[in-house]
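Raw coords_24.txt, compact mmCIF, C-alpha atoms:
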# COMPACT_ATOMS: atom_id res chain seq x y z
CA MET A 1 106.38 1.46 105.66
CA ASN A 2 108.40 -0.50 108.27
CA THR A 3 106.52 -3.66 109.54
CA ASP A 4 109.25 -4.76 111.90
CA PRO A 5 108.44 -3.43 115.39
CA HIS A 6 112.06 -3.77 116.45
CA LYS A 7 113.40 -1.73 113.55
CA PRO A 8 113.11 2.13 113.60
CA ASP A 9 110.85 3.73 111.03
CA PRO A 10 112.95 5.82 108.61
CA THR A 11 109.98 8.10 107.79
CA PRO A 12 110.28 11.26 109.94
CA ALA A 13 107.29 12.48 111.87
CA PRO A 14 105.61 15.58 110.39
CA LEU A 15 106.57 18.93 111.88
CA LEU A 16 103.94 20.98 113.69
CA ALA A 17 104.42 23.83 111.20
CA ASP A 18 103.46 21.42 108.42
CA LEU A 19 100.12 20.81 110.10
CA VAL A 20 99.22 24.54 110.45
CA VAL A 21 97.15 26.09 107.65
CA PRO A 22 98.85 29.34 106.56
CA SER A 23 96.80 32.54 107.09
CA TYR A 24 95.18 34.14 104.03
CA GLN A 25 96.21 37.70 103.21
CA PRO A 26 94.32 38.97 100.19
CA LYS A 27 95.92 41.68 98.05
CA PRO A 28 94.26 45.11 98.40
CA SER A 29 91.90 45.98 95.58
CA ALA A 30 92.67 48.77 93.09
CA VAL A 31 90.14 51.04 94.83
CA VAL A 32 91.84 50.61 98.20
CA ARG A 33 95.24 51.35 96.68
CA VAL A 34 93.92 54.50 95.04
CA ILE A 35 92.42 55.68 98.33
CA ARG A 36 95.68 55.06 100.17
CA TRP A 37 97.73 56.95 97.59
CA GLY A 38 95.13 59.69 97.51
CA LYS A 39 95.50 60.22 101.23
CA ILE A 40 99.28 60.37 100.87
CA VAL A 41 99.01 62.93 98.06
CA VAL A 42 96.51 65.10 99.97
CA VAL A 43 98.63 65.11 103.12
CA SER A 44 101.72 65.94 101.06
CA LEU A 45 99.93 68.81 99.35
CA VAL A 46 98.66 70.20 102.65
CA VAL A 47 102.14 70.08 104.16
CA THR A 48 103.61 71.71 101.03
CA VAL A 49 101.02 74.51 101.13
CA LEU A 50 101.66 75.15 104.82
CA ILE A 51 105.42 75.31 104.24
CA CYS A 52 105.04 77.61 101.21
CA THR A 53 102.61 79.84 103.11
CA ALA A 54 104.92 80.23 106.09
CA TRP A 55 108.01 80.73 103.94
CA GLY A 56 106.20 83.13 101.60
CA ASN A 57 104.75 85.15 104.45
CA SER A 58 108.19 85.58 105.99
CA ARG A 59 109.65 86.72 102.65
CA TRP A 60 106.74 89.09 102.00
CA VAL A 61 106.98 90.72 105.41
CA LYS A 62 110.67 91.42 104.77
CA LEU A 63 109.94 92.90 101.32
CA THR A 64 107.19 95.07 102.80
CA ASP A 65 109.50 96.31 105.55
CA VAL A 66 112.17 97.19 102.97
CA ARG A 67 109.68 99.29 101.00
CA LEU A 68 108.25 100.95 104.09
CA ASN A 69 111.73 101.84 105.35
CA ALA A 70 112.58 103.33 101.95
CA LEU A 71 109.34 105.32 102.06
CA MET A 72 110.17 106.75 105.48
CA GLU A 73 113.74 107.57 104.42
CA ALA A 74 112.42 109.48 101.39
CA THR A 75 110.19 111.65 103.59
CA PRO A 76 111.89 114.91 104.57
CA ALA A 77 111.66 116.34 108.05
CA THR A 78 109.01 119.06 108.19
CA ARG A 79 107.52 121.44 110.69
CA PRO A 80 103.82 121.30 111.66
CA GLU A 81 101.49 123.28 109.36
CA ARG A 82 97.88 124.36 109.53
CA PHE A 83 95.08 125.23 107.13
CA TYR A 84 94.08 128.92 106.89
CA GLU A 85 91.34 130.65 104.95
CA GLU A 86 93.82 132.56 102.80
CA ASP A 87 95.08 129.22 101.46
CA LEU A 88 91.91 129.12 99.32
CA ALA A 89 92.34 132.53 97.70
CA SER A 90 93.61 131.33 94.32
CA LEU A 91 91.34 128.30 93.93
CA PRO A 92 88.47 127.92 91.43
CA PRO A 93 85.10 128.33 93.19
CA VAL A 94 84.17 124.65 92.80
CA VAL A 95 87.42 123.62 94.50
CA THR A 96 87.00 126.21 97.26
CA ARG A 97 83.55 124.84 98.01
CA TYR A 98 84.97 121.33 98.31
CA MET A 99 87.93 122.32 100.48
CA GLU A 100 85.67 124.20 102.89
CA GLN A 101 83.81 120.92 103.48
CA ALA A 102 86.77 118.56 103.45
CA LEU A 103 88.89 120.59 105.92
CA ASN A 104 88.35 122.66 109.05
CA LEU A 105 90.00 126.06 109.48
CA HIS A 106 93.24 126.00 111.47
CA GLN A 107 93.42 122.20 111.48
CA PRO A 108 96.86 120.53 111.20
CA LEU A 109 97.86 119.35 107.76
CA VAL A 110 98.24 115.63 107.08
CA ARG A 111 101.83 114.37 107.03
CA GLY A 112 100.88 110.71 106.72
CA VAL A 113 98.06 108.22 107.02
CA HIS A 114 97.68 104.48 107.52
CA ILE A 115 94.68 103.02 105.67
CA GLU A 116 93.10 99.59 106.03
CA GLN A 117 90.79 98.35 103.28
CA SER A 118 88.68 95.42 102.22
CA GLY A 119 86.74 94.64 99.08
CA THR A 120 86.93 92.72 95.82
CA LEU A 121 89.27 92.76 92.81
CA ASN A 122 88.48 91.64 89.28
CA LEU A 123 91.44 89.46 88.28
CA SER A 124 90.25 88.94 84.70
CA THR A 125 91.29 91.29 81.89
CA THR A 126 88.37 90.23 79.68
CA GLY A 127 85.49 89.13 81.92
CA GLU A 128 84.31 88.97 85.52
CA SER A 129 86.45 87.13 88.09
CA TRP A 130 86.04 88.92 91.41
CA SER A 131 88.06 87.82 94.44
CA PRO A 132 87.99 89.23 98.00
CA PHE A 133 90.99 91.12 99.33
CA THR A 134 92.25 92.90 102.42
CA ALA A 135 94.96 95.54 102.33
CA SER A 136 96.92 98.00 104.38
CA GLN A 137 98.48 101.15 102.99
CA SER A 138 100.97 103.65 104.37
CA VAL A 139 101.08 107.12 102.79
CA PHE A 140 103.43 110.07 103.28
CA THR A 141 102.60 113.47 101.83
CA LYS A 142 105.63 115.71 102.27
CA ARG A 143 107.18 113.85 99.41
CA PRO A 144 104.46 111.92 97.58
CA GLY A 145 104.73 108.23 98.37
CA PHE A 146 102.83 105.14 99.47
CA VAL A 147 103.10 101.38 99.91
CA TRP A 148 99.96 99.26 99.40
CA ASP A 149 100.17 95.68 100.71
CA ALA A 150 97.25 93.45 99.72
CA LYS A 151 96.27 89.83 100.22
CA ILE A 152 93.89 88.34 97.65
CA ASN A 153 91.97 85.10 98.20
CA THR A 154 91.70 83.62 94.70
CA LEU A 155 89.06 81.20 93.46
CA PHE A 156 91.62 78.38 93.45
CA GLY A 157 92.56 78.95 97.08
CA LEU A 158 96.05 80.16 96.26
CA PRO A 159 96.98 83.24 98.33
CA VAL A 160 98.20 86.09 96.12
CA ARG A 161 100.09 89.01 97.63
CA VAL A 162 100.44 92.36 95.86
CA HIS A 163 102.59 95.42 96.40
CA ASP A 164 101.59 98.65 94.69
CA ALA A 165 103.96 101.46 95.57
CA TYR A 166 105.43 104.85 94.77
CA VAL A 167 108.66 105.53 96.65
CA ALA A 168 111.29 108.22 95.96
CA GLY A 169 110.08 108.82 92.42
CA GLU A 170 109.87 105.14 91.44
CA GLY A 171 106.76 103.03 90.94
CA ALA A 172 106.31 99.34 91.66
CA LEU A 173 103.67 96.71 90.97
CA GLN A 174 104.59 93.27 92.32
CA PRO A 175 102.07 90.39 92.46
CA SER A 176 103.24 87.12 93.99
CA VAL A 177 101.74 83.67 94.64
CA PHE A 178 102.29 82.65 98.28
CA GLY A 179 104.56 85.71 98.52
CA LEU A 180 107.22 83.46 96.95
CA PHE A 181 106.66 83.35 93.20
CA ASP A 182 106.52 86.80 91.59
CA PHE A 183 104.80 87.26 88.23
CA GLY A 184 103.79 90.01 85.81
CA GLY A 185 105.16 92.97 87.76
CA ALA A 186 107.01 96.18 86.92
CA GLN A 187 109.27 98.57 88.80
CA GLY A 188 111.21 101.75 88.08
CA LYS A 189 110.63 105.12 86.50
CA GLY A 190 108.76 105.94 83.28
CA ASP A 191 105.20 104.68 82.81
CA ILE A 192 105.04 102.65 86.03
CA ALA A 193 106.16 105.65 88.11
CA ARG A 194 103.68 107.92 86.37
CA GLY A 195 100.87 105.48 86.98
CA GLU A 196 101.64 105.19 90.69
CA LEU A 197 101.91 108.96 91.13
CA ILE A 198 98.48 109.21 89.48
CA ARG A 199 97.14 106.74 92.03
CA TYR A 200 98.63 108.81 94.86
CA ALA A 201 96.98 111.94 93.42
CA ALA A 202 93.59 110.27 93.00
CA GLU A 203 93.67 109.03 96.59
CA SER A 204 94.36 112.54 97.88
CA VAL A 205 90.68 112.69 98.90
CA TRP A 206 91.78 110.60 101.93
CA TYR A 207 94.44 113.19 102.84
CA PRO A 208 92.80 116.32 101.36
CA SER A 209 95.18 118.89 102.82
CA VAL A 210 97.66 117.95 100.04
CA LEU A 211 95.18 119.51 97.61
CA LEU A 212 95.93 122.99 98.94
CA PRO A 213 98.04 125.27 96.69
CA THR A 214 100.47 125.70 99.60
CA GLN A 215 101.27 121.98 99.26
CA GLY A 216 102.16 122.28 95.60
CA THR A 217 98.90 121.27 93.90
CA VAL A 218 98.02 123.50 90.92
CA TRP A 219 94.31 123.84 90.12
CA LYS A 220 92.66 125.00 86.90
CA ALA A 221 88.90 125.43 86.43
CA VAL A 222 87.17 123.47 83.67
CA ASN A 223 83.55 124.41 84.42
CA ASP A 224 81.31 124.89 87.46
CA ARG A 225 81.38 121.13 88.23
CA SER A 226 84.99 120.17 87.50
CA ALA A 227 88.63 121.26 87.65
CA THR A 228 92.05 119.79 86.88
CA ALA A 229 94.74 119.30 89.51
CA THR A 230 98.43 118.96 88.68
CA PHE A 231 100.80 117.15 91.04
CA THR A 232 104.58 117.32 90.72
CA ASP A 233 107.30 115.17 92.25
CA GLY A 234 110.77 116.01 90.99
CA PRO A 235 110.81 115.77 87.17
CA LEU A 236 107.43 113.98 87.07
CA SER A 237 104.09 115.82 86.76
CA VAL A 238 100.59 114.38 86.34
CA THR A 239 97.24 116.07 85.78
CA LEU A 240 93.87 114.61 86.81
CA LEU A 241 90.30 115.77 86.30
CA PHE A 242 88.25 116.15 89.51
CA SER A 243 84.45 116.15 89.10
CA PHE A 244 82.15 117.34 91.91
CA ASN A 245 78.54 116.43 92.77
CA ASP A 246 75.63 118.68 93.77
CA LYS A 247 76.89 118.80 97.36
CA GLY A 248 80.30 120.01 96.22
CA LEU A 249 82.10 116.76 97.08
CA VAL A 250 84.45 114.92 94.75
CA GLU A 251 82.49 112.11 93.08
CA ARG A 252 84.80 111.17 90.21
CA ILE A 253 88.52 111.46 89.40
CA SER A 254 89.87 110.52 85.98
CA SER A 255 93.11 110.45 84.01
CA ASN A 256 94.20 109.75 80.45
CA GLU A 257 97.85 109.40 81.47
CA ARG A 258 97.83 106.02 83.22
CA SER A 259 98.74 102.61 81.72
CA ALA A 260 97.15 99.21 82.36
CA MET A 261 99.20 96.04 82.74
CA ILE A 262 98.09 93.76 79.87
CA ASP A 263 100.05 90.61 78.98
CA ASN A 264 102.98 91.90 81.08
CA LYS A 265 103.04 95.17 79.11
CA LEU A 266 101.97 98.67 80.16
CA VAL A 267 99.31 99.91 77.74
CA PRO A 268 97.99 103.53 77.93
CA MET A 269 94.30 103.52 78.84
CA PRO A 270 91.80 106.01 80.34
CA TRP A 271 91.21 105.41 84.04
CA GLU A 272 88.74 106.64 86.64
CA VAL A 273 87.80 106.48 90.32
CA ARG A 274 84.25 106.87 91.64
CA LEU A 275 83.82 107.88 95.29
CA SER A 276 80.93 107.63 97.75
CA ASN A 277 79.82 107.39 101.40
CA TYR A 278 81.59 110.45 102.79
CA GLN A 279 82.17 110.49 106.55
CA GLU A 280 84.03 112.65 109.05
CA HIS A 281 87.41 111.42 110.28
CA SER A 282 89.91 113.44 112.33
CA GLY A 283 88.07 116.64 111.45
CA MET A 284 88.09 115.92 107.70
CA PHE A 285 85.29 114.79 105.38
CA VAL A 286 86.49 111.80 103.34
CA PRO A 287 84.91 109.03 101.22
CA MET A 288 84.71 105.53 102.66
CA GLU A 289 83.98 103.64 99.44
CA ALA A 290 85.52 103.64 95.97
CA GLU A 291 85.24 101.88 92.64
CA VAL A 292 88.14 102.01 90.17
CA ALA A 293 87.85 101.18 86.46
CA TRP A 294 89.67 101.17 83.15
CA ILE A 295 87.81 102.71 80.22
CA THR A 296 88.52 100.14 77.52
CA PRO A 297 87.62 100.33 73.80
CA THR A 298 84.69 98.01 74.58
CA GLY A 299 83.44 99.98 77.57
CA ARG A 300 84.02 100.69 81.24
CA ARG A 301 85.63 97.77 83.13
CA PRO A 302 85.71 98.07 86.95
CA TYR A 303 88.50 96.14 88.63
CA PHE A 304 88.49 97.45 92.22
CA ARG A 305 85.62 97.86 94.66
CA GLY A 306 86.76 98.70 98.14
CA LYS A 307 85.76 100.09 101.51
CA VAL A 308 87.93 101.90 104.03
CA ALA A 309 87.94 100.00 107.30
CA LYS A 310 90.32 102.24 109.25
CA LEU A 311 92.13 105.58 108.97
CA ASP A 312 94.99 106.57 111.29
CA TYR A 313 96.36 110.07 110.58
CA ASP A 314 99.71 111.63 111.37
CA MET A 315 98.88 115.33 111.79
CA PRO A 316 101.61 117.07 113.83
CA ARG A 317 100.37 120.04 115.82
Just give me the structure as structure tokens.
Amino acid sequence: MNTDPHKPDPTPAPLLADLVVPSYQPKPSAVVRVIRWGKIVVVSLVVTVLICTAWGNSRWVKLTDVRLNALMEATPATRPERFYEEDLASLPPVVTRYMEQALNLHQPLVRGVHIEQSGTLNLSTTGESWSPFTASQSVFTKRPGFVWDAKINTLFGLPVRVHDAYVAGEGALQPSVFGLFDFGGAQGKGDIARGELIRYAAESVWYPSVLLPTQGTVWKAVNDRSATATFTDGPLSVTLLFSFNDKGLVERISSNERSAMIDNKLVPMPWEVRLSNYQEHSGMFVPMEAEVAWITPTGRRPYFRGKVAKLDYDMPR
């Protein structure tokens, strides 16, 4: 320390910054860091899901349009037709009784129909895992064909889209997550085409004029409560058993010619449709509810329970 008042002190004065106590910034705890990263992950997942949903929906709409355009192109031009009493002359009595209820004399025949459905699907091959679905379906009858477009809300929240189709003699089953990632499907001729033609035939109760002999369906009596119907499209023919209730309406349709998709393989398995809640639409009497099941070695396993929400018919006059 300098004691001479006339001599400058060599010790510099302290800076103001040296007199300020630095602020305290504690490090975030592990819990806070986890919460922050959790928020980032959640936001990222939400954004990813929204992008996948939008992208997948765009792709799926395009695929649906391609199939619908192919369905329309495969449908030949036809003239309007009507139902007459003589059309029933060759039918078994049990079928005649049904047709007299399902159709009205002189009504136009169905050329096409648009169907909207809702219900539940069992996505498990061994147990019970039912998920809600909505679907729209376009059908043409002058050459058998349809495109079924469904959206399934799975238990995990992942949207699954499904095409089930029969177009120009080829069948298709195409499930897809988000409409982007396809899995476990099949397309072409052979078993998949046969299975889809069987579906078309079983759903003929929603467009019953195709069941007339004049439209190519061949009936054969089994007993006073059932008859077989054979449908042919090009080289492919399928035969189904139609069973009728006390009122003469179709209550059950079954086939031993269809194959179930198990572990990405088509496996032959008995199949049936049960129908109920008949109502009048466009002059026809049609069922509004259905349950579809595979008959497995361990018993009957339903996988579809649906209701018809809307029917729009194309019936040229």
message: So that I can check the surroundings of stretch 129-132 of chain A, please list as a VMD selection string every protein, DNA and RNA residue that reaches within 7 Å of it, counting only C-alpha atoms and ignoring chain neighbours fewer than 5 positions away.
response: chain A and resid 119 to 124 152 to 155
- request: For atom CA of A:Asn69 and atom CA of A:Arg305, determine how far apart the two atoms are, in Å to one decimal place.
  value: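 Atom-to-atom, atom CA of A:Asn69 to atom CA of A:Arg305, that is 28.5 Å.
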message: Restricting the calculation to all atoms listed in the file: of A:Tyr166, A:Tyr98, A:Trp148, A:Phe83, which residue gets closest to A:Val250?
response: A:Tyr98
field: Between atom CA of A:Ala290 and atom CA of A:Ser138 - distance in Å to one decimal
entry: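 Going from atom CA of A:Ser138 over to atom CA of A:Ala290 covers 17.6 Å.
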query: Smallest atom-to-atom distance to A:His163: which of A:Glu280, A:Asp182, A:Glu257, A:Glu100, using only C-alpha atoms?
result: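 Nearest candidate to A:His163 out of A:Glu280, A:Asp182, A:Glu257, A:Glu100: A:Asp182.
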query: Do you know which residues are at most 6 Å from stretch 230-242 of chain A counting all atoms listed in the file, after dropping those on the same chain fewer than 5 positions away, and could you put them as a VMD selection string?
result: chain A and resid 217 to 218 253 to 255
Once you have the residues from the selection above, write them out as a short mmCIF file (atom, residue, chain, number, x, y, z; two decimals), in the coordinates of the input, restricted to C-alpha atoms.
data_model
loop_
_atom_site.label_atom_id
_atom_site.label_comp_id
_atom_site.auth_asym_id
_atom_site.auth_seq_id
_atom_site.Cartn_x
_atom_site.Cartn_y
_atom_site.Cartn_z
CA THR A 217 98.90 121.27 93.90
CA VAL A 218 98.02 123.50 90.92
CA ILE A 253 88.52 111.46 89.40
CA SER A 254 89.87 110.52 85.98
CA SER A 255 93.11 110.45 84.01
#
task: Just the residues within 9 Å of stretch 245-248 of chain A, please, counting all atoms listed in the file, with nothing from its chain fewer than 4 positions along; format it as a PyMOL selection string.
output: chain A and resi 94-95+97-98+101+225+252
- request: With a distance cut-off of 10 Å and all atoms listed in the file, select the neighbouring residues of A:Gln279, excluding the residue or stretch itself and same-chain residues fewer than 6 positions from it, and output the selection as a PyMOL selection string.
  value: chain A and resi 102+285-288
task: Could you tell me which of A:Ala168, A:Lys189, A:Gly179, A:Ala201 comes closest to A:Val61 if we count only C-alpha atoms?
output: A:Gly179
message: Could you check the closest approach to A:Thr134 for each of A:Gln215, A:Ser259, A:Gln117, A:Thr296 and tell me which residue wins, using only C-alpha atoms?
response: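 Between A:Gln215, A:Ser259, A:Gln117, A:Thr296, the residue approaching A:Thr134 most closely is A:Gln117.
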- prompt: Of the candidates A:Ser29, A:Thr125, A:Leu180, A:Leu88, which one gets nearest to A:Lys62 if we count all atoms listed in the file?
  reply: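 Smallest separation from A:Lys62 among the options: A:Leu180.
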- request: Go ahead and compute the interatomic distance for atom CA of A:Arg82 and atom CA of A:Val210, in Å to one decimal.
  value: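 We find that atom CA of A:Arg82 and atom CA of A:Val210 lie 11.5 Å from each other.
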message: Residues near A:Gly169, anyone? I mean within 12 Å using only C-alpha atoms, not counting same-chain ones fewer than 6 positions away, as JSON, numbers by chain.
response: {"A": [70, 71, 74, 75, 143, 144, 145, 146, 187, 188, 189, 190, 191, 192, 193, 194, 195, 196, 197, 198, 200, 232, 233, 234, 235, 236, 237]}
